[in-house]
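For reference, data.tsv is printed below; it contains TSV, C-alpha atoms and all ligand atoms.
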chain	number	residue	atom	x	y	z
P	8	MET	CA	-40.30	-14.68	-134.45
P	9	SER	CA	-43.99	-15.07	-135.21
P	10	GLU	CA	-46.71	-14.18	-132.73
P	11	ALA	CA	-47.68	-17.80	-132.15
P	12	ASN	CA	-44.15	-18.60	-131.04
P	13	LEU	CA	-44.55	-16.38	-128.00
P	14	GLY	CA	-47.78	-17.90	-126.74
P	15	GLY	CA	-50.25	-15.94	-128.86
P	16	ARG	CA	-51.42	-12.40	-128.26
P	17	PHE	CA	-53.51	-10.63	-125.63
P	18	THR	CA	-55.13	-7.21	-125.78
P	19	PHE	CA	-55.57	-5.47	-122.44
P	20	ALA	CA	-59.31	-4.88	-122.00
P	21	GLY	CA	-60.48	-1.44	-123.09
P	22	THR	CA	-57.04	-0.49	-124.45
P	23	SER	CA	-55.18	-0.48	-127.74
P	24	LEU	CA	-52.28	-2.35	-126.11
P	25	THR	CA	-51.66	-5.83	-127.52
P	26	VAL	CA	-48.76	-7.97	-126.34
P	27	ASN	CA	-47.37	-11.43	-126.89
P	28	ARG	CA	-48.29	-13.59	-123.92
P	29	MET	CA	-44.64	-14.45	-123.28
P	30	GLY	CA	-43.00	-11.30	-121.93
P	31	TYR	CA	-40.02	-10.49	-119.74
P	32	GLY	CA	-39.57	-9.36	-116.13
P	33	ALA	CA	-36.64	-6.99	-115.64
P	34	MET	CA	-36.23	-7.20	-111.86
P	35	GLN	CA	-33.20	-9.52	-111.99
P	36	LEU	CA	-31.22	-7.02	-114.08
P	37	ALA	CA	-30.49	-4.77	-111.11
P	38	GLY	CA	-28.09	-7.33	-109.67
P	39	PRO	CA	-28.03	-9.57	-106.58
P	40	GLY	CA	-30.73	-8.67	-104.07
P	41	VAL	CA	-32.29	-6.37	-106.70
P	42	TRP	CA	-29.77	-3.76	-105.64
P	43	GLY	CA	-27.77	-2.14	-108.40
P	44	PRO	CA	-25.63	-1.64	-110.22
P	45	PRO	CA	-25.18	-5.14	-111.65
P	46	ARG	CA	-21.67	-6.58	-111.93
P	47	ASP	CA	-21.94	-6.48	-115.74
P	48	PRO	CA	-24.32	-3.75	-116.96
P	49	ASP	CA	-23.48	-4.54	-120.61
P	50	ALA	CA	-24.76	-8.09	-120.12
P	51	ALA	CA	-28.07	-6.67	-118.85
P	52	VAL	CA	-28.36	-4.54	-122.00
P	53	VAL	CA	-27.72	-7.64	-124.14
P	54	VAL	CA	-30.52	-9.58	-122.39
P	55	LEU	CA	-33.04	-6.79	-123.01
P	56	ARG	CA	-32.08	-6.35	-126.65
P	57	GLU	CA	-32.18	-10.09	-127.24
P	58	ALA	CA	-35.67	-10.27	-125.67
P	59	VAL	CA	-37.03	-7.54	-127.92
P	60	ALA	CA	-35.29	-8.99	-131.00
P	61	ALA	CA	-37.03	-12.30	-130.24
P	62	GLY	CA	-40.43	-10.59	-130.25
P	63	VAL	CA	-40.98	-9.75	-126.59
P	64	ASN	CA	-43.14	-6.63	-126.42
P	65	HIS	CA	-44.18	-6.70	-122.75
P	66	ILE	CA	-41.55	-5.78	-120.15
P	67	ASP	CA	-42.28	-5.55	-116.45
P	68	THR	CA	-40.24	-3.23	-114.25
P	69	SER	CA	-40.31	-0.80	-111.34
P	70	ASP	CA	-38.29	2.23	-110.42
P	71	TYR	CA	-37.64	0.71	-107.01
P	72	TYR	CA	-35.66	-2.11	-108.66
P	73	GLY	CA	-32.07	-1.08	-108.19
P	74	PRO	CA	-33.42	1.46	-107.08
P	75	HIS	CA	-33.69	3.35	-110.41
P	76	VAL	CA	-31.02	1.10	-111.96
P	77	THR	CA	-33.30	-1.34	-113.79
P	78	ASN	CA	-35.25	1.44	-115.48
P	79	GLN	CA	-32.03	3.21	-116.43
P	80	ILE	CA	-30.73	0.01	-118.04
P	81	ILE	CA	-34.02	-0.44	-119.94
P	82	ARG	CA	-33.70	3.09	-121.27
P	83	GLN	CA	-30.06	2.58	-122.23
P	84	ALA	CA	-30.83	-0.69	-124.01
P	85	LEU	CA	-34.08	0.10	-125.78
P	86	HIS	CA	-34.76	3.86	-126.03
P	87	PRO	CA	-36.18	5.07	-128.41
P	88	TYR	CA	-38.63	2.26	-127.75
P	89	PRO	CA	-40.20	0.09	-130.44
P	90	LYS	CA	-43.76	1.29	-131.12
P	91	ASP	CA	-45.37	-1.92	-129.96
P	92	LEU	CA	-43.40	-2.25	-126.70
P	93	VAL	CA	-45.55	-2.10	-123.55
P	94	ILE	CA	-43.60	-1.28	-120.40
P	95	VAL	CA	-45.49	-2.01	-117.21
P	96	THR	CA	-44.26	-0.53	-113.96
P	97	LYS	CA	-45.19	-0.55	-110.29
P	98	LEU	CA	-45.73	2.14	-107.69
P	99	GLY	CA	-46.09	1.87	-103.95
P	100	GLY	CA	-42.67	0.71	-102.79
P	101	ARG	CA	-39.23	2.06	-101.95
P	102	ARG	CA	-35.81	0.67	-101.11
P	103	PRO	CA	-34.09	2.48	-98.24
P	104	PRO	CA	-30.30	2.16	-97.81
P	105	ASP	CA	-30.74	-0.94	-95.61
P	106	ARG	CA	-32.03	-2.61	-98.83
P	107	SER	CA	-35.35	-3.61	-97.30
P	108	TRP	CA	-38.65	-3.28	-99.19
P	109	GLN	CA	-40.89	-0.61	-97.67
P	110	PRO	CA	-44.25	0.87	-98.63
P	111	ALA	CA	-44.27	4.28	-100.32
P	112	ASN	CA	-47.99	4.73	-100.67
P	113	SER	CA	-48.80	8.27	-99.58
P	114	PRO	CA	-50.19	10.51	-102.35
P	115	GLN	CA	-46.88	12.44	-102.43
P	116	GLU	CA	-44.83	9.26	-102.70
P	117	LEU	CA	-47.03	7.86	-105.49
P	118	VAL	CA	-46.76	11.08	-107.50
P	119	ALA	CA	-42.98	11.13	-106.99
P	120	GLY	CA	-42.86	7.46	-108.03
P	121	VAL	CA	-44.59	8.23	-111.32
P	122	HIS	CA	-42.12	11.02	-112.06
P	123	ASP	CA	-39.17	8.77	-111.14
P	124	ASN	CA	-40.42	6.16	-113.61
P	125	LEU	CA	-41.02	8.71	-116.37
P	126	ARG	CA	-37.58	10.26	-115.93
P	127	ASN	CA	-35.60	7.05	-115.68
P	128	LEU	CA	-37.46	5.31	-118.51
P	129	GLY	CA	-37.43	8.42	-120.69
P	130	LEU	CA	-41.20	8.45	-121.22
P	131	ASP	CA	-43.94	11.12	-121.28
P	132	ALA	CA	-46.57	8.69	-120.01
P	133	LEU	CA	-46.53	5.21	-118.45
P	134	ASP	CA	-48.38	2.54	-120.49
P	135	ILE	CA	-49.56	0.65	-117.41
P	136	ALA	CA	-48.83	1.40	-113.76
P	137	ASN	CA	-49.68	-1.17	-111.11
P	138	TYR	CA	-50.37	-0.08	-107.56
P	139	ARG	CA	-48.27	-2.60	-105.60
P	140	VAL	CA	-49.77	-3.25	-102.19
P	141	ILE	CA	-47.02	-3.64	-99.59
P	142	GLY	CA	-48.22	-4.67	-96.16
P	143	SER	CA	-46.42	-5.71	-93.02
P	144	GLY	CA	-45.58	-9.19	-94.30
P	145	LEU	CA	-44.60	-10.84	-97.57
P	146	GLY	CA	-48.03	-11.88	-98.83
P	147	THR	CA	-51.29	-10.11	-99.53
P	148	GLU	CA	-53.09	-8.32	-96.73
P	149	GLU	CA	-56.68	-7.10	-96.67
P	150	GLY	CA	-57.32	-3.35	-96.28
P	151	SER	CA	-58.62	-0.50	-98.38
P	152	ILE	CA	-56.48	0.67	-101.31
P	153	ALA	CA	-59.01	3.30	-102.40
P	154	GLU	CA	-56.79	6.28	-101.53
P	155	GLN	CA	-53.86	4.99	-103.59
P	156	VAL	CA	-55.92	3.91	-106.61
P	157	THR	CA	-57.66	7.29	-106.56
P	158	VAL	CA	-54.27	9.02	-106.76
P	159	LEU	CA	-53.33	6.86	-109.76
P	160	ALA	CA	-56.69	7.56	-111.42
P	161	ASP	CA	-56.02	11.28	-110.96
P	162	LEU	CA	-52.60	10.91	-112.62
P	163	GLN	CA	-54.33	8.98	-115.41
P	164	ARG	CA	-56.68	11.93	-116.01
P	165	LYS	CA	-53.60	14.19	-116.14
P	166	GLY	CA	-52.15	11.97	-118.89
P	167	LEU	CA	-49.15	10.64	-116.95
P	168	ILE	CA	-50.49	7.07	-116.74
P	169	ARG	CA	-52.45	5.43	-119.58
P	170	HIS	CA	-53.82	2.38	-117.75
P	171	ILE	CA	-53.92	1.07	-114.20
P	172	GLY	CA	-53.41	-2.33	-112.60
P	173	VAL	CA	-52.89	-3.66	-109.10
P	174	SER	CA	-50.29	-5.99	-107.65
P	175	ASN	CA	-50.13	-8.20	-104.58
P	176	ALA	CA	-53.85	-7.54	-104.25
P	177	THR	CA	-56.66	-9.64	-102.82
P	178	ALA	CA	-59.89	-10.25	-104.72
P	179	ALA	CA	-61.59	-7.68	-102.48
P	180	GLN	CA	-58.91	-5.09	-103.26
P	181	VAL	CA	-59.24	-5.74	-107.00
P	182	ALA	CA	-63.01	-5.26	-106.73
P	183	GLU	CA	-62.54	-2.07	-104.71
P	184	ALA	CA	-60.09	-0.69	-107.29
P	185	GLN	CA	-62.61	-1.43	-110.05
P	186	THR	CA	-65.13	0.86	-108.37
P	187	ILE	CA	-62.63	3.71	-108.88
P	188	THR	CA	-61.20	3.06	-112.35
P	189	ASP	CA	-60.80	0.37	-115.00
P	190	ILE	CA	-58.24	-2.22	-113.92
P	191	VAL	CA	-56.44	-3.82	-116.86
P	192	CYS	CA	-54.18	-6.27	-115.04
P	193	VAL	CA	-53.48	-7.94	-111.74
P	194	GLN	CA	-49.91	-8.99	-110.88
P	195	ASN	CA	-49.74	-11.48	-108.03
P	196	ASN	CA	-47.58	-14.33	-106.76
P	197	TYR	CA	-48.64	-17.49	-108.61
P	198	ASN	CA	-46.99	-20.56	-110.06
P	199	LEU	CA	-47.33	-24.32	-110.34
P	200	ALA	CA	-46.79	-24.75	-106.60
P	201	HIS	CA	-48.44	-21.59	-105.30
P	202	ARG	CA	-52.04	-21.51	-106.48
P	203	HIS	CA	-53.80	-19.32	-103.97
P	204	ASP	CA	-55.23	-17.18	-106.79
P	205	ASP	CA	-56.95	-19.93	-108.80
P	206	ALA	CA	-60.46	-18.52	-108.29
P	207	LEU	CA	-59.32	-14.93	-108.90
P	208	ILE	CA	-57.66	-15.91	-112.19
P	209	ASP	CA	-60.89	-17.49	-113.44
P	210	ASP	CA	-62.90	-14.46	-112.37
P	211	LEU	CA	-60.49	-12.07	-114.15
P	212	ALA	CA	-60.55	-14.28	-117.26
P	213	ARG	CA	-64.33	-13.82	-117.44
P	214	GLN	CA	-63.69	-10.04	-117.46
P	215	ASN	CA	-60.78	-10.27	-119.95
P	216	ILE	CA	-58.45	-8.73	-117.36
P	217	ALA	CA	-54.85	-9.88	-117.58
P	218	TYR	CA	-53.39	-11.91	-114.74
P	219	VAL	CA	-49.60	-11.61	-114.63
P	220	PRO	CA	-47.97	-14.03	-112.20
P	221	PHE	CA	-44.86	-12.82	-110.45
P	222	PHE	CA	-42.41	-15.52	-109.32
P	223	PRO	CA	-43.58	-17.75	-112.24
P	224	LEU	CA	-40.46	-19.87	-111.69
P	225	GLY	CA	-40.59	-19.60	-107.91
P	226	GLY	CA	-38.68	-16.29	-107.71
P	227	PHE	CA	-36.01	-16.29	-105.01
P	228	SER	CA	-36.82	-19.96	-104.20
P	229	PRO	CA	-36.80	-21.70	-107.62
P	230	LEU	CA	-39.45	-24.39	-108.13
P	231	HIS	CA	-38.32	-27.91	-107.25
P	232	SER	CA	-40.56	-30.91	-107.70
P	233	SER	CA	-39.96	-34.50	-108.69
P	234	ILE	CA	-43.25	-34.44	-110.65
P	235	LEU	CA	-42.07	-31.39	-112.60
P	236	SER	CA	-38.68	-32.98	-113.28
P	237	THR	CA	-40.27	-36.23	-114.47
P	238	VAL	CA	-42.68	-34.46	-116.80
P	239	ALA	CA	-39.86	-32.30	-118.16
P	240	GLU	CA	-37.74	-35.35	-118.88
P	241	GLN	CA	-40.62	-37.04	-120.70
P	242	LEU	CA	-41.11	-33.94	-122.87
P	243	GLY	CA	-37.41	-33.34	-123.51
P	244	ALA	CA	-37.75	-29.93	-121.88
P	245	THR	CA	-36.39	-28.31	-118.73
P	246	PRO	CA	-38.46	-28.06	-115.53
P	247	MET	CA	-38.53	-24.25	-115.86
P	248	GLN	CA	-39.91	-24.54	-119.40
P	249	VAL	CA	-42.66	-26.88	-118.23
P	250	ALA	CA	-43.53	-24.50	-115.37
P	251	LEU	CA	-43.93	-21.64	-117.87
P	252	ALA	CA	-45.84	-23.75	-120.41
P	253	TRP	CA	-48.21	-24.84	-117.64
P	254	LEU	CA	-48.99	-21.17	-116.89
P	255	LEU	CA	-49.71	-20.47	-120.57
P	256	HIS	CA	-52.10	-23.44	-120.60
P	257	ARG	CA	-53.71	-22.49	-117.28
P	258	SER	CA	-55.79	-19.60	-118.60
P	259	PRO	CA	-55.81	-17.40	-121.74
P	260	ASN	CA	-55.62	-14.21	-119.66
P	261	ILE	CA	-52.27	-15.21	-118.09
P	262	LEU	CA	-49.31	-13.19	-119.38
P	263	LEU	CA	-45.79	-14.29	-118.47
P	264	ILE	CA	-42.91	-12.13	-117.27
P	265	PRO	CA	-40.21	-14.63	-116.23
P	266	GLY	CA	-37.13	-12.84	-114.93
P	267	THR	CA	-33.57	-13.61	-115.85
P	268	SER	CA	-30.22	-11.90	-116.13
P	269	SER	CA	-28.93	-14.57	-118.52
P	270	VAL	CA	-29.33	-14.78	-122.30
P	271	ALA	CA	-29.25	-18.58	-122.14
P	272	HIS	CA	-32.12	-18.64	-119.63
P	273	LEU	CA	-34.00	-16.03	-121.65
P	274	ARG	CA	-33.84	-18.23	-124.76
P	275	GLU	CA	-34.85	-21.27	-122.75
P	276	ASN	CA	-37.82	-19.42	-121.25
P	277	LEU	CA	-39.06	-18.01	-124.55
P	278	ALA	CA	-38.87	-21.48	-126.13
P	279	ALA	CA	-41.30	-22.72	-123.46
P	280	ALA	CA	-44.09	-21.13	-125.51
P	281	GLN	CA	-43.58	-23.94	-128.05
P	282	LEU	CA	-44.46	-26.68	-125.60
P	283	THR	CA	-47.87	-28.31	-125.83
P	284	LEU	CA	-49.04	-30.09	-122.69
P	285	SER	CA	-51.62	-32.87	-123.02
P	286	PRO	CA	-54.63	-33.03	-120.68
P	287	GLN	CA	-52.94	-35.97	-118.95
P	288	THR	CA	-49.73	-34.00	-118.40
P	289	LEU	CA	-51.73	-31.04	-117.08
P	290	ALA	CA	-53.46	-33.35	-114.60
P	291	GLU	CA	-50.08	-34.72	-113.48
P	292	LEU	CA	-48.79	-31.19	-112.97
P	293	ASP	CA	-51.83	-30.27	-110.88
P	294	ALA	CA	-50.42	-32.69	-108.32
P	295	VAL	CA	-47.42	-30.39	-107.77
P	296	ALA	CA	-49.58	-27.89	-105.89
P	297	ALA	CA	-51.41	-30.66	-104.06
P	298	SER	CA	-48.08	-32.02	-102.79
P	299	THR	CA	-46.75	-28.60	-101.75
P	300	VAL	CA	-47.16	-27.38	-98.20
P	301	HIS	CA	-48.25	-23.73	-98.37
Q	1	LIG	N1	-45.38	-7.31	-108.31
Q	1	LIG	C1	-44.45	-7.79	-107.51
Q	1	LIG	O1	-44.51	-7.63	-106.30
Q	1	LIG	C2	-43.30	-8.55	-108.07
Q	1	LIG	C3	-42.48	-9.31	-107.22
Q	1	LIG	C4	-41.45	-10.03	-107.79
Q	1	LIG	C5	-41.22	-9.99	-109.14
Q	1	LIG	N2	-42.02	-9.23	-109.95
Q	1	LIG	C6	-41.84	-9.19	-111.41
Q	1	LIG	O2	-41.99	-10.52	-111.88
Q	1	LIG	C7	-40.85	-10.88	-112.65
Q	1	LIG	C8	-40.60	-12.37	-112.50
Q	1	LIG	O3	-40.28	-12.67	-111.15
Q	1	LIG	P1	-38.83	-13.02	-110.66
Q	1	LIG	O4	-37.83	-12.61	-111.67
Q	1	LIG	O5	-38.69	-12.51	-109.29
Q	1	LIG	O6	-38.89	-14.59	-110.49
Q	1	LIG	P2	-38.97	-15.81	-111.50
Q	1	LIG	O7	-39.20	-15.34	-112.89
Q	1	LIG	O8	-39.90	-16.79	-110.90
Q	1	LIG	O9	-37.52	-16.43	-111.34
Q	1	LIG	C9	-36.36	-15.72	-111.57
Q	1	LIG	C10	-35.20	-16.55	-111.05
Q	1	LIG	O10	-35.11	-17.76	-111.79
Q	1	LIG	C11	-33.86	-17.82	-112.46
Q	1	LIG	N3	-34.16	-18.30	-113.81
Q	1	LIG	C12	-34.81	-17.67	-114.80
Q	1	LIG	N4	-34.93	-18.47	-115.88
Q	1	LIG	C13	-34.34	-19.64	-115.55
Q	1	LIG	C14	-34.11	-20.85	-116.25
Q	1	LIG	N5	-34.57	-21.01	-117.50
Q	1	LIG	N6	-33.46	-21.84	-115.61
Q	1	LIG	C15	-33.03	-21.69	-114.34
Q	1	LIG	N7	-33.19	-20.56	-113.63
Q	1	LIG	C16	-33.84	-19.53	-114.23
Q	1	LIG	C17	-33.31	-16.43	-112.46
Q	1	LIG	O11	-31.90	-16.46	-112.37
Q	1	LIG	P3	-30.97	-16.01	-113.60
Q	1	LIG	O12	-30.95	-14.51	-113.58
Q	1	LIG	O13	-29.67	-16.63	-113.26
Q	1	LIG	O14	-31.58	-16.57	-114.84
Q	1	LIG	C18	-33.90	-15.86	-111.19
Q	1	LIG	O15	-33.11	-16.21	-110.08
Q	1	LIG	C19	-39.73	-10.00	-112.11
Q	1	LIG	O16	-38.67	-9.89	-113.02
Q	1	LIG	C20	-40.46	-8.71	-111.85
Q	1	LIG	O17	-40.54	-7.96	-113.04
Q	1	LIG	C21	-43.06	-8.53	-109.42

Represent the structure from my file as structure tokens, please.
Amino acid sequence: MSEANLGGRFTFAGTSLTVNRMGYGAMQLAGPGVWGPPRDPDAAVVVLREAVAAGVNHIDTSDYYGPHVTNQIIRQALHPYPKDLVIVTKLGGRRPPDRSWQPANSPQELVAGVHDNLRNLGLDALDIANYRVIGSGLGTEEGSIAEQVTVLADLQRKGLIRHIGVSNATAAQVAEAQTITDIVCVQNNYNLAHRHDDALIDDLARQNIAYVPFFPLGGFSPLHSSILSTVAEQLGATPMQVALAWLLHRSPNILLIPGTSSVAHLRENLAAAQLTLSPQTLAELDAVAASTVH
């Protein structure tokens, strides 16, 4: 598949890492509730291999997916990795036996998290590690992240992490992290209906920093909108494809990592990069957020 078919290419600022804008998020591979192992591990391997065969060279993961299971499946499916594959992971969380999502953000936990990722992915260094801010609730929460980003910067100097990003971060936290080290990407909750980060995306675009929306399709609550369905019907596409195409049109620094455990959905999602949305369609889709109660 040619580059253009996956939404064009993006080079992370200040790095030699270039990826197709349409990537893949591996969280769903762990199984229901992101708790592994999946019912059919072979099917998960097939999805990953199909993604890479189709040209995907940006995979998002974390060692706390599964826990450990998603990274182990990535290694089983793709190791030794293609030279151009960029695997992005996250640090800062853990999954205790009650299956909740808890912070793991002490220096010791962050160092252990890096080693867990390296071991389970079979790598000597992580291409990009995001510090994932986990607060008391589901959304972002203000507060200093200097201690955690400093730990990651130290691991970068030691050669265990090549580049650093942040996730679930506010604009103030991104700016604080940038006083400590170069930040190459921000991974936050954003989609057609959830546009809290509009200003941040534009600011990051001016700096050529990647913005990687998580829950691009709505995550655990899939996007539903009559406007989206109508537009999709007019274009002969599915609502999920239109939601992804809208993100690709929204800003050139947006990289996509839609998650799926299904080869059929993977193919559908990758094909969304072919959709061209007219200015009128984009204006119609803007109304989805306006009609959504946040
Ligand atoms: N930084 C963070 O805190 C954070 C949080 C959440 C996720 N993430 C990352 O972001 C990635 C994307 O988020 P996500 O996977 O949670 O949510 P998502 O991409 O918005 O949606 C995934 C859900 O949509 C379904 N789906 C996928 N393609 C579909 C299609 N074409 N038609 C209908 N349903 C479809 C999937 O089910 P099927 O498996 O049945 O296709 C799954 O239930 C994750 O994989 C993960 O790598 C990061």

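Across the model, the gap from atom C5 of ligand LIG 1 (chain Q) to atom CA of Ala250 of chain P is 16.0 Å.
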
Contact check, segment 63-152 of chain P to segment 157-163 of chain P, at most 12 Å, counting only C-alpha atoms, closest pairs as a Markdown table:
| residue | atom | partner | partner_atom | distance |
| --- | --- | --- | --- | --- |
| P:Lys97 | CA | P:Leu159 | CA | 11.0 |
| P:Leu98 | CA | P:Leu159 | CA | 9.2 |
| P:Gly99 | CA | P:Leu159 | CA | 10.5 |
| P:Asn112 | CA | P:Val158 | CA | 9.7 |
| P:Ser113 | CA | P:Val158 | CA | 9.1 |
| P:Pro114 | CA | P:Val158 | CA | 6.2 |
| P:Gln115 | CA | P:Val158 | CA | 9.2 |
| P:Glu116 | CA | P:Val158 | CA | 10.3 |
| P:Leu117 | CA | P:Val158 | CA | 7.4 |
| P:Val118 | CA | P:Leu162 | CA | 7.8 |
| P:Ala119 | CA | P:Leu162 | CA | 11.1 |
| P:Gly120 | CA | P:Leu159 | CA | 10.6 |
| P:Val121 | CA | P:Leu162 | CA | 8.5 |
| P:His122 | CA | P:Leu162 | CA | 10.5 |
| P:Ala132 | CA | P:Gln163 | CA | 9.0 |
| P:Leu133 | CA | P:Gln163 | CA | 9.2 |
| P:Asp134 | CA | P:Gln163 | CA | 10.1 |
| P:Ile135 | CA | P:Gln163 | CA | 9.8 |
| P:Ala136 | CA | P:Leu159 | CA | 8.1 |
| P:Asn137 | CA | P:Leu159 | CA | 8.9 |
| P:Tyr138 | CA | P:Leu159 | CA | 7.9 |
| P:Arg139 | CA | P:Leu159 | CA | 11.5 |
| P:Ser151 | CA | P:Thr157 | CA | 11.3 |
| P:Ile152 | CA | P:Thr157 | CA | 8.5 |

> Quick one: of P:His256, P:Arg126, P:His231, P:Arg164, who's nearest to ligand LIG 1 (chain Q), counting all atoms listed in the file?
Replying inline: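 Of P:His256, P:Arg126, P:His231, P:Arg164, the one nearest ligand LIG 1 (chain Q), counting all atoms listed in the file, is P:His231.
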
>> Report, in Å with one decimal, the straight-line distance from atom CA of Gln185 of chain P to atom CA of His170 of chain P.
In response: 12.3 Å

>> Can you work out which residues are within 7 Å of ligand LIG 1 (chain Q), considering only C-alpha atoms and all ligand atoms, and then hand them over as a PyMOL selection string?
In response: chain P and resi 31-35+67-68+139+174-175+194-195+220-227+229+247-248+264-269+272-273+275-276

> For Ser236 of chain P, which residue out of P:Ala182, P:Leu292, P:Ile216, P:Ile171 is the nearest one, using only C-alpha atoms?
Replying inline: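 When distances to Ser236 of chain P are compared using only C-alpha atoms, the smallest one comes from P:Leu292.
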
> Pick from P:Ser232, P:Ser69, P:Asn198, P:Asn215: nearest to Leu254 of chain P, with only C-alpha atoms counted?
Replying inline: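 The answer is P:Asn198, which sits nearest to Leu254 of chain P.
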
>> Excluding Glu148 of chain P and its own-chain neighbours fewer than 5 positions away, which residues fall within 12 Å of it when counting all atoms listed in the file? Please give them as a count of residues only.
In response: 12

Return as JSON the centre and edge lengths, in Å with one decimal, of the box along x, y and z that encloses every atom of segment 93-109 of chain P in the file, padded by 3 Å per side.
{"center_x": -38.2, "center_y": -0.6, "center_z": -109.6, "size_x": 21.8, "size_y": 12.1, "size_z": 33.9}

> For the atom pair atom CA of Tyr88 of chain P and atom CA of Arg102 of chain P, what is the interatomic distance in Å to one decimal place?
Replying inline: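 Atom-to-atom, atom CA of Tyr88 of chain P and atom CA of Arg102 of chain P are spaced 26.8 Å apart.
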